[in-house]
Amino acid sequence: MTEPAQRDPEPIESTRPIPRENGRPGPAPDGEIPALDLEQLLEKAIVVDLPLTVRFRGVTRREAVLLPGPRGWGEFAPFLEYDDAEAAAWWRACLEAAYLGFPAPLRSEIPVNATVPAVAPERVPAVLGGYGEDIVAVKVKVAERGQGVEEDEARVAAVRAALPEARIRVDANQGWTVDQAVSALRRLSRYDLEYAEQPAPGVDGLYAVREALHRDGVTVPIAADESVRKAEDPLAVARAGAADLIVVKVAPLGGVRRALSVVEQAGLPAVVSSALDTSVGLSAGVALAASLPELPYACGLGTGALLARDVTEAPLKPEHGKLPVRDYGPGSLEVRGLVVDDARRTWWLDRVRRVHALLEPGPGSGPEPGQQPLEWR
Ligand SMILES: [Mg+2]
């Protein structure tokens with residue numbers, strides 16, 4: 001186990017042990033952040049605009065608010081189209097990183113997967129080449145709009161041919177109907193799939209696919225992604241027995257502690273994934289993966305490779321299929337040439353003000369809003 005890296009602006013205090021009850025990790029301590037003067041806070045915030053190496057989710061740039069706090073930097077980067085209610089969880093995660101820090105790590109490195117987008121099979125070797133050597137797991141995008149299962153199979157076959165030993169998982173991003181998913185996974189199962197991520201929409205859809213495959217004797221485990229992070233109730237999928245594992249992301253779930261709690265309550269294995277974060281946001285994902293009691297699958301935290309520039313000179317990028325458990329590196333963030341203009345800064349800080357108001361106690365619930373600690377559990 002390596003020592004936790006230094007965080008900026010103050011040393012990380014992540015050596016607090018996770019209290020254990022019945023051998024399982026309980027909630028981390030200090031689950032409350034102090035009352036905040038938001039305007040003072042925002043004066044210190046930095047808003048950056050990062051170029052991507054590829055088009056992703058239809059965009060080629062990624063904007064983020066970086067917030068310094070006593071425990072380090074937090075990141076607030078909900079996608080532009082998200083409404084305030086959805087973005088509020090991302091703000092909560094940002095405040096957690098800045099004001100509470102993270103639970104103690106239980107491991108020193110995190111295996112991560114390579115990702116193959118919905119490209120033609122002949123492009124697969126080049127895509128995999130971008131991830132260097134020692135790829136242990138590959139996530140292959142399937143069910144792309146405008147493509148059929150033939151294209152999916154050709155792509156998966158190309159990955160299997162290039163990496164006979166790697167674990168291969170497919171991610172449909174809920175792009176199939178239940179029937180399409182069952183038939184496609186029956187076909188793709190011959191490539192020895194590690195699991196299929198969100199093959200169909202909704203908890204009911206996942207349940208139906210999983211049951212049908214089970215009936216047919218097709219052993220492809222089902223992972224829930226959108227049904228966890230986009231759901232009103234992230235535990236519904238586990239209660240329904242609709243998945244074999246869950247994909248968890250720190251920001252949409254409102255922070256590392258909340259994500260840990262979801263995994264614990266779900267009682268299912270978890271894969272930690274990122275949301276095209278800067279190294280600041282990625283370090284929260286790394287902290288979550290490092291503090292899970294069990295980590296049976298490679299994580300989707302290798303997305304730092306998709307940023308043409310990052311906010312640190314020591315970006316969290318995978319090497320030999322793994323990420324070291326560390327923060328975004330010592331010293332100050334390196335944001336020269338990345339800071340947005342005044343208009344974009346104003347847009348982002350207004351967004352923060354709106355979502356911050358959603359976290360505060362409602363009127364009539366006690367002291368003036370902002371005068372008591374934010375509800376944190
Ligand atoms: Mg997914």
# chains A, B, ... in the order shown; residues from 1 in each chain; ligands from 1
call {"tool": "select_by_dssp", "arguments": {"residues": "region 325-360 of chain A", "states": "alpha helix (DSSP H)", "output": "list in words"}}
result
Asp342, Ala343, Arg344, Arg345, Thr346, Trp347, Trp348, Leu349, Asp350, Arg351, Val352, Arg353, Arg354, Val355, His356, Ala357, Leu358 and Leu359 of chain A
call {"tool": "write_last_selection", "arguments": {"atoms": "N, CA and C atoms", "output": "PDB file, in the first residue's frame"}}
result
ATOM      1  N   ASP A 342     -15.130  35.311 -19.110  1.00  0.00           N
ATOM      2  CA  ASP A 342     -16.027  35.776 -18.047  1.00  0.00           C
ATOM      3  C   ASP A 342     -17.464  35.290 -18.236  1.00  0.00           C
ATOM      4  N   ALA A 343     -17.912  35.246 -19.476  1.00  0.00           N
ATOM      5  CA  ALA A 343     -19.299  34.846 -19.717  1.00  0.00           C
ATOM      6  C   ALA A 343     -19.526  33.394 -19.287  1.00  0.00           C
ATOM      7  N   ARG A 344     -18.578  32.512 -19.631  1.00  0.00           N
ATOM      8  CA  ARG A 344     -18.738  31.098 -19.238  1.00  0.00           C
ATOM      9  C   ARG A 344     -18.599  30.942 -17.735  1.00  0.00           C
ATOM     10  N   ARG A 345     -17.693  31.713 -17.145  1.00  0.00           N
ATOM     11  CA  ARG A 345     -17.533  31.650 -15.682  1.00  0.00           C
ATOM     12  C   ARG A 345     -18.844  32.043 -14.990  1.00  0.00           C
ATOM     13  N   THR A 346     -19.438  33.126 -15.475  1.00  0.00           N
ATOM     14  CA  THR A 346     -20.706  33.573 -14.894  1.00  0.00           C
ATOM     15  C   THR A 346     -21.776  32.494 -15.038  1.00  0.00           C
ATOM     16  N   TRP A 347     -21.832  31.868 -16.204  1.00  0.00           N
ATOM     17  CA  TRP A 347     -22.825  30.806 -16.440  1.00  0.00           C
ATOM     18  C   TRP A 347     -22.648  29.674 -15.433  1.00  0.00           C
ATOM     19  N   TRP A 348     -21.408  29.259 -15.226  1.00  0.00           N
ATOM     20  CA  TRP A 348     -21.148  28.140 -14.311  1.00  0.00           C
ATOM     21  C   TRP A 348     -21.409  28.522 -12.854  1.00  0.00           C
ATOM     22  N   LEU A 349     -20.985  29.730 -12.455  1.00  0.00           N
ATOM     23  CA  LEU A 349     -21.178  30.094 -11.046  1.00  0.00           C
ATOM     24  C   LEU A 349     -22.656  30.288 -10.743  1.00  0.00           C
ATOM     25  N   ASP A 350     -23.422  30.789 -11.721  1.00  0.00           N
ATOM     26  CA  ASP A 350     -24.876  30.868 -11.521  1.00  0.00           C
ATOM     27  C   ASP A 350     -25.476  29.472 -11.354  1.00  0.00           C
ATOM     28  N   ARG A 351     -24.971  28.542 -12.127  1.00  0.00           N
ATOM     29  CA  ARG A 351     -25.449  27.166 -12.006  1.00  0.00           C
ATOM     30  C   ARG A 351     -25.148  26.612 -10.614  1.00  0.00           C
ATOM     31  N   VAL A 352     -23.936  26.910 -10.121  1.00  0.00           N
ATOM     32  CA  VAL A 352     -23.577  26.455  -8.767  1.00  0.00           C
ATOM     33  C   VAL A 352     -24.531  27.072  -7.735  1.00  0.00           C
ATOM     34  N   ARG A 353     -24.814  28.369  -7.879  1.00  0.00           N
ATOM     35  CA  ARG A 353     -25.706  29.019  -6.911  1.00  0.00           C
ATOM     36  C   ARG A 353     -27.079  28.325  -6.890  1.00  0.00           C
ATOM     37  N   ARG A 354     -27.575  27.989  -8.055  1.00  0.00           N
ATOM     38  CA  ARG A 354     -28.904  27.349  -8.118  1.00  0.00           C
ATOM     39  C   ARG A 354     -28.878  25.959  -7.475  1.00  0.00           C
ATOM     40  N   VAL A 355     -27.847  25.164  -7.788  1.00  0.00           N
ATOM     41  CA  VAL A 355     -27.843  23.802  -7.248  1.00  0.00           C
ATOM     42  C   VAL A 355     -27.497  23.810  -5.756  1.00  0.00           C
ATOM     43  N   HIS A 356     -26.688  24.770  -5.336  1.00  0.00           N
ATOM     44  CA  HIS A 356     -26.357  24.866  -3.908  1.00  0.00           C
ATOM     45  C   HIS A 356     -27.628  25.110  -3.106  1.00  0.00           C
ATOM     46  N   ALA A 357     -28.509  25.950  -3.640  1.00  0.00           N
ATOM     47  CA  ALA A 357     -29.762  26.249  -2.948  1.00  0.00           C
ATOM     48  C   ALA A 357     -30.587  24.974  -2.771  1.00  0.00           C
ATOM     49  N   LEU A 358     -30.434  24.024  -3.678  1.00  0.00           N
ATOM     50  CA  LEU A 358     -31.199  22.777  -3.579  1.00  0.00           C
ATOM     51  C   LEU A 358     -30.691  21.893  -2.438  1.00  0.00           C
ATOM     52  N   LEU A 359     -29.433  22.110  -2.001  1.00  0.00           N
ATOM     53  CA  LEU A 359     -28.880  21.295  -0.918  1.00  0.00           C
ATOM     54  C   LEU A 359     -29.194  21.870   0.447  1.00  0.00           C
TER      55      LEU A 359
END
call {"tool": "residues_near_ligand", "arguments": {"ligand": "ligand 1", "cutoff": "8 Å", "atoms": "only C-alpha atoms and all ligand atoms", "output": "VMD selection string"}}
result
chain A and resid 171 to 173 197 to 198 224 to 226 247
call {"tool": "atom_distance", "arguments": {"atom1": "CA of Leu301 (chain A)", "atom2": "CA of Ala158 (chain A)"}}
result
23.0 Å
call {"tool": "residues_around", "arguments": {"residues": "Ala266 (chain A)", "least_positions_apart": "3", "cutoff": "9 Å", "atoms": "only C-alpha atoms", "output": "CSV table (one decimal) with C-alpha atoms, in the first residue's frame"}}
result
chain,number,residue,atom,x,y,z
A,234,PRO,CA,-30.4,3.6,-7.0
A,235,LEU,CA,-31.2,0.5,-4.9
A,236,ALA,CA,-34.3,-0.5,-6.8
A,237,VAL,CA,-32.3,-2.7,-9.2
A,238,ALA,CA,-30.7,-4.6,-6.4
A,239,ARG,CA,-34.0,-5.1,-4.6
A,246,ILE,CA,-23.7,-2.4,-10.5
A,261,SER,CA,-23.4,3.3,0.9
A,262,VAL,CA,-25.2,2.4,-2.3
A,263,VAL,CA,-22.8,-0.5,-2.9
A,269,PRO,CA,-20.2,-6.3,-6.7
call {"tool": "closest_residue", "arguments": {"among": "A:Ser279, A:Ser189, A:Pro252, A:Pro68", "to": "Gly217 (chain A)", "atoms": "only C-alpha atoms"}}
result
A:Ser189
call {"tool": "residues_around", "arguments": {"residues": "Arg190 (chain A)", "least_positions_apart": "5", "cutoff": "10 Å", "atoms": "only C-alpha atoms", "output": "VMD selection string"}}
result
chain A and resid 153 157 185 218 220
call {"tool": "residues_around", "arguments": {"residues": "Ala118 (chain A)", "least_positions_apart": "3", "cutoff": "7 Å", "atoms": "only C-alpha atoms", "output": "ChimeraX atom specification"}}
result
/A:141-142,144
